[in-house]
Amino acid sequence: MTQHEAHDHSHDHGDHQHDHTGHDHSHAPTVTAGNERVVLIGFALTFGFMIAEVIGGLLSGSLALIADAGHMLTDAIALALAWAGFRFGRRPSDRKRTFGYMRLEVLAGFVNAVSLFALVAWIAWEAVGRLFDPHPILTGPMFTVAVIGLAVNVVVFLVLRQGDTEHVNIKGAMLHVVGDLLGSVAAIVAAIAIYFTGWTPIDPILSVLLSLLILRSAWSLFKNSLQILIEGAPSGIDVEGMPEALADAVPGVAGVEHVHVWSITSGQPAATMEVRLVPGADARETLKAVKAALADKYGIGHSTIEIDFGDTGADCSLRASAGKGHTH
């Protein structure tokens, strides 16, 4: 008996028939290896320049530069977490972790968002202090380091764009880099303004404006990753209208109840539901049709469907369905 044949079996559970379709828990996004590579490159570039920017910020006395260096530090941590998430996410499932380690990628994205909140709070605190107690700023080193930082951030951003830009961790890393890029621009503007006018308050003011942009991006990332962690419905999927849509799309379906839709990880929606059949409907064919409708209309390739035969008189003889998934 082959491994596939060993999974192709069915059980009669009283008045209900259970179909666990698409139960390939070990699968990971096809772009995971590419994501892992670009994130690792981004980490090396970000961490390397972060050290130089910390030194430049301390020598020049620029809060904007130090804030940007702090942001690059959180970027480096975020990229390291993302890399670890991709690395562990590719591990196969086992008896204790039947979905594998893919959820670690989402957890890393959540940590990224929280780190951004902490960064914004730190920048705001330092900016207020600088407004009341201005520090002298060396515009030469500040300008030079900021320009180099801008170039590094552009390179890292282009590298990350080679990965899956819709993935929660790649998107989170790119948000970090965009914040860094804006931080470098702010530092350049501040250096030029201070050089020509001597007005040092522009440095903490630009830092606060930058933190507001970072806060907006962080909130979006926080909501998206938290939605996955609490197993909320993926955006773009109308769970409320799903029962009616499936009943209209599949002739053998009389009704759909107990619908639950969530994401295993970013881009991996899953669903469970109970389907009632119309009298005389072929259960096996109806099952395949529901599965196809979920994949085509909602992009759900992993579904667990319970067939409630009741007294419909439907053909209750189910065999292992060919193609995607298996009946259980």
# chains A, B, ... in the order shown; residues from 1 in each chain; ligands from 1
>>> residues_around(residues="Leu58 in chain A", least_positions_apart="2", cutoff="12 Å", atoms="only C-alpha atoms", output="PyMOL selection string")
chain A and resi 51-56+60-70+135-138+141-142+145
>>> write_last_selection(atoms="C-alpha atoms", output="tab-separated table (two decimals), in the first residue's frame")
chain	number	residue	atom	x	y	z
A	51	ILE	CA	26.56	49.93	13.59
A	52	ALA	CA	28.03	52.69	11.42
A	53	GLU	CA	24.92	54.84	11.89
A	54	VAL	CA	25.01	54.50	15.68
A	55	ILE	CA	28.58	55.75	15.69
A	56	GLY	CA	27.73	58.59	13.31
A	60	SER	CA	27.19	64.23	15.30
A	61	GLY	CA	24.69	64.51	18.17
A	62	SER	CA	21.71	64.13	15.83
A	63	LEU	CA	18.52	62.66	17.28
A	64	ALA	CA	17.14	62.04	13.80
A	65	LEU	CA	20.21	60.00	12.99
A	66	ILE	CA	20.13	58.12	16.29
A	67	ALA	CA	16.40	57.47	15.80
A	68	ASP	CA	17.11	56.12	12.36
A	69	ALA	CA	19.85	53.94	13.81
A	70	GLY	CA	17.40	52.70	16.43
A	135	HIS	CA	22.10	69.72	21.73
A	136	PRO	CA	24.83	70.91	19.36
A	137	ILE	CA	24.83	69.00	16.07
A	138	LEU	CA	27.71	68.38	13.66
A	141	PRO	CA	29.01	63.74	9.72
A	142	MET	CA	25.22	63.78	10.06
A	145	VAL	CA	25.95	59.10	7.30
>>> closest_residue(among="A:Gly109, A:Pro269, A:Pro204, A:Pro279", to="Pro134 in chain A", atoms="only C-alpha atoms")
A:Pro204
>>> atom_distance(atom1="CA of Ile188 in chain A", atom2="CA of Phe143 in chain A")
5.4 Å
>>> select_by_dssp(residues="range 247-293 of chain A", states="strand (DSSP E)", output="ChimeraX atom specification")
/A:253-263,269-277
>>> residues_around(residues="Leu209 in chain A", least_positions_apart="3", cutoff="12 Å", atoms="only C-alpha atoms", output="mmCIF file with N, CA and C atoms, in the first residue's frame")
data_model
loop_
_atom_site.group_PDB
_atom_site.id
_atom_site.type_symbol
_atom_site.label_atom_id
_atom_site.label_comp_id
_atom_site.auth_asym_id
_atom_site.auth_seq_id
_atom_site.Cartn_x
_atom_site.Cartn_y
_atom_site.Cartn_z
ATOM 1 N N ALA A 64 17.718 62.662 14.989
ATOM 2 C CA ALA A 64 17.143 62.038 13.797
ATOM 3 C C ALA A 64 18.001 60.878 13.332
ATOM 4 N N ALA A 67 17.703 58.119 15.949
ATOM 5 C CA ALA A 67 16.397 57.473 15.799
ATOM 6 C C ALA A 67 16.399 56.536 14.602
ATOM 7 N N VAL A 120 8.680 54.097 18.331
ATOM 8 C CA VAL A 120 7.962 55.365 18.256
ATOM 9 C C VAL A 120 7.921 56.038 19.630
ATOM 10 N N ILE A 123 11.401 57.525 20.378
ATOM 11 C CA ILE A 123 11.680 58.723 19.592
ATOM 12 C C ILE A 123 10.923 59.919 20.163
ATOM 13 N N ALA A 124 9.665 59.737 20.498
ATOM 14 C CA ALA A 124 8.854 60.831 21.043
ATOM 15 C C ALA A 124 9.438 61.341 22.362
ATOM 16 N N ALA A 127 12.636 63.254 21.634
ATOM 17 C CA ALA A 127 12.368 64.502 20.924
ATOM 18 C C ALA A 127 11.916 65.596 21.881
ATOM 19 N N GLY A 179 10.355 52.944 6.631
ATOM 20 C CA GLY A 179 10.532 53.849 7.766
ATOM 21 C C GLY A 179 11.970 54.300 7.894
ATOM 22 N N LEU A 182 12.701 56.852 5.129
ATOM 23 C CA LEU A 182 12.181 58.167 5.488
ATOM 24 C C LEU A 182 13.020 58.803 6.590
ATOM 25 N N GLY A 183 13.523 57.969 7.478
ATOM 26 C CA GLY A 183 14.388 58.484 8.535
ATOM 27 C C GLY A 183 15.675 59.066 7.973
ATOM 28 N N VAL A 185 16.004 60.324 4.939
ATOM 29 C CA VAL A 185 15.616 61.567 4.265
ATOM 30 C C VAL A 185 15.450 62.692 5.281
ATOM 31 N N ALA A 186 14.802 62.378 6.413
ATOM 32 C CA ALA A 186 14.610 63.376 7.459
ATOM 33 C C ALA A 186 15.949 63.864 7.998
ATOM 34 N N ALA A 187 16.876 62.964 8.185
ATOM 35 C CA ALA A 187 18.195 63.343 8.690
ATOM 36 C C ALA A 187 18.930 64.227 7.688
ATOM 37 N N ILE A 202 14.718 71.604 14.463
ATOM 38 C CA ILE A 202 14.187 70.861 13.327
ATOM 39 C C ILE A 202 14.534 69.379 13.418
ATOM 40 N N ASP A 203 15.629 69.065 14.093
ATOM 41 C CA ASP A 203 16.049 67.665 14.220
ATOM 42 C C ASP A 203 15.029 66.841 15.008
ATOM 43 N N PRO A 204 14.671 67.228 16.253
ATOM 44 C CA PRO A 204 13.636 66.446 16.969
ATOM 45 C C PRO A 204 12.252 66.561 16.336
ATOM 46 N N ILE A 205 11.937 67.695 15.706
ATOM 47 C CA ILE A 205 10.617 67.850 15.079
ATOM 48 C C ILE A 205 10.459 66.857 13.933
ATOM 49 N N LEU A 206 11.465 66.745 13.073
ATOM 50 C CA LEU A 206 11.414 65.781 11.980
ATOM 51 C C LEU A 206 11.371 64.352 12.508
ATOM 52 N N LEU A 212 5.365 59.334 13.465
ATOM 53 C CA LEU A 212 3.945 59.225 13.148
ATOM 54 C C LEU A 212 3.722 58.360 11.908
ATOM 55 N N LEU A 213 4.602 58.489 10.925
ATOM 56 C CA LEU A 213 4.505 57.639 9.739
ATOM 57 C C LEU A 213 4.771 56.181 10.094
ATOM 58 N N ILE A 214 5.753 55.969 10.948
ATOM 59 C CA ILE A 214 6.069 54.611 11.386
ATOM 60 C C ILE A 214 4.895 54.015 12.153
ATOM 61 N N LEU A 215 4.244 54.843 12.986
ATOM 62 C CA LEU A 215 3.124 54.363 13.805
ATOM 63 C C LEU A 215 1.978 53.863 12.933
ATOM 64 N N ARG A 216 1.699 54.574 11.853
ATOM 65 C CA ARG A 216 0.629 54.151 10.956
ATOM 66 C C ARG A 216 0.929 52.797 10.325
#
>>> decode(residues="range 36-47 of chain A", atoms="C-alpha atoms", output="PDB file, in the first residue's frame")
ATOM      1  CA  GLU A  36      14.426  33.298   3.481  1.00  0.00           C
ATOM      2  CA  ARG A  37      17.275  34.282   1.166  1.00  0.00           C
ATOM      3  CA  VAL A  38      16.218  37.904   0.588  1.00  0.00           C
ATOM      4  CA  VAL A  39      15.491  38.430   4.288  1.00  0.00           C
ATOM      5  CA  LEU A  40      18.943  37.133   5.225  1.00  0.00           C
ATOM      6  CA  ILE A  41      20.604  39.492   2.715  1.00  0.00           C
ATOM      7  CA  GLY A  42      18.519  42.370   4.037  1.00  0.00           C
ATOM      8  CA  PHE A  43      19.538  41.537   7.592  1.00  0.00           C
ATOM      9  CA  ALA A  44      23.257  41.530   6.740  1.00  0.00           C
ATOM     10  CA  LEU A  45      23.060  44.921   5.018  1.00  0.00           C
ATOM     11  CA  THR A  46      20.852  46.492   7.688  1.00  0.00           C
ATOM     12  CA  PHE A  47      22.828  45.258  10.681  1.00  0.00           C
TER      13      PHE A  47
END
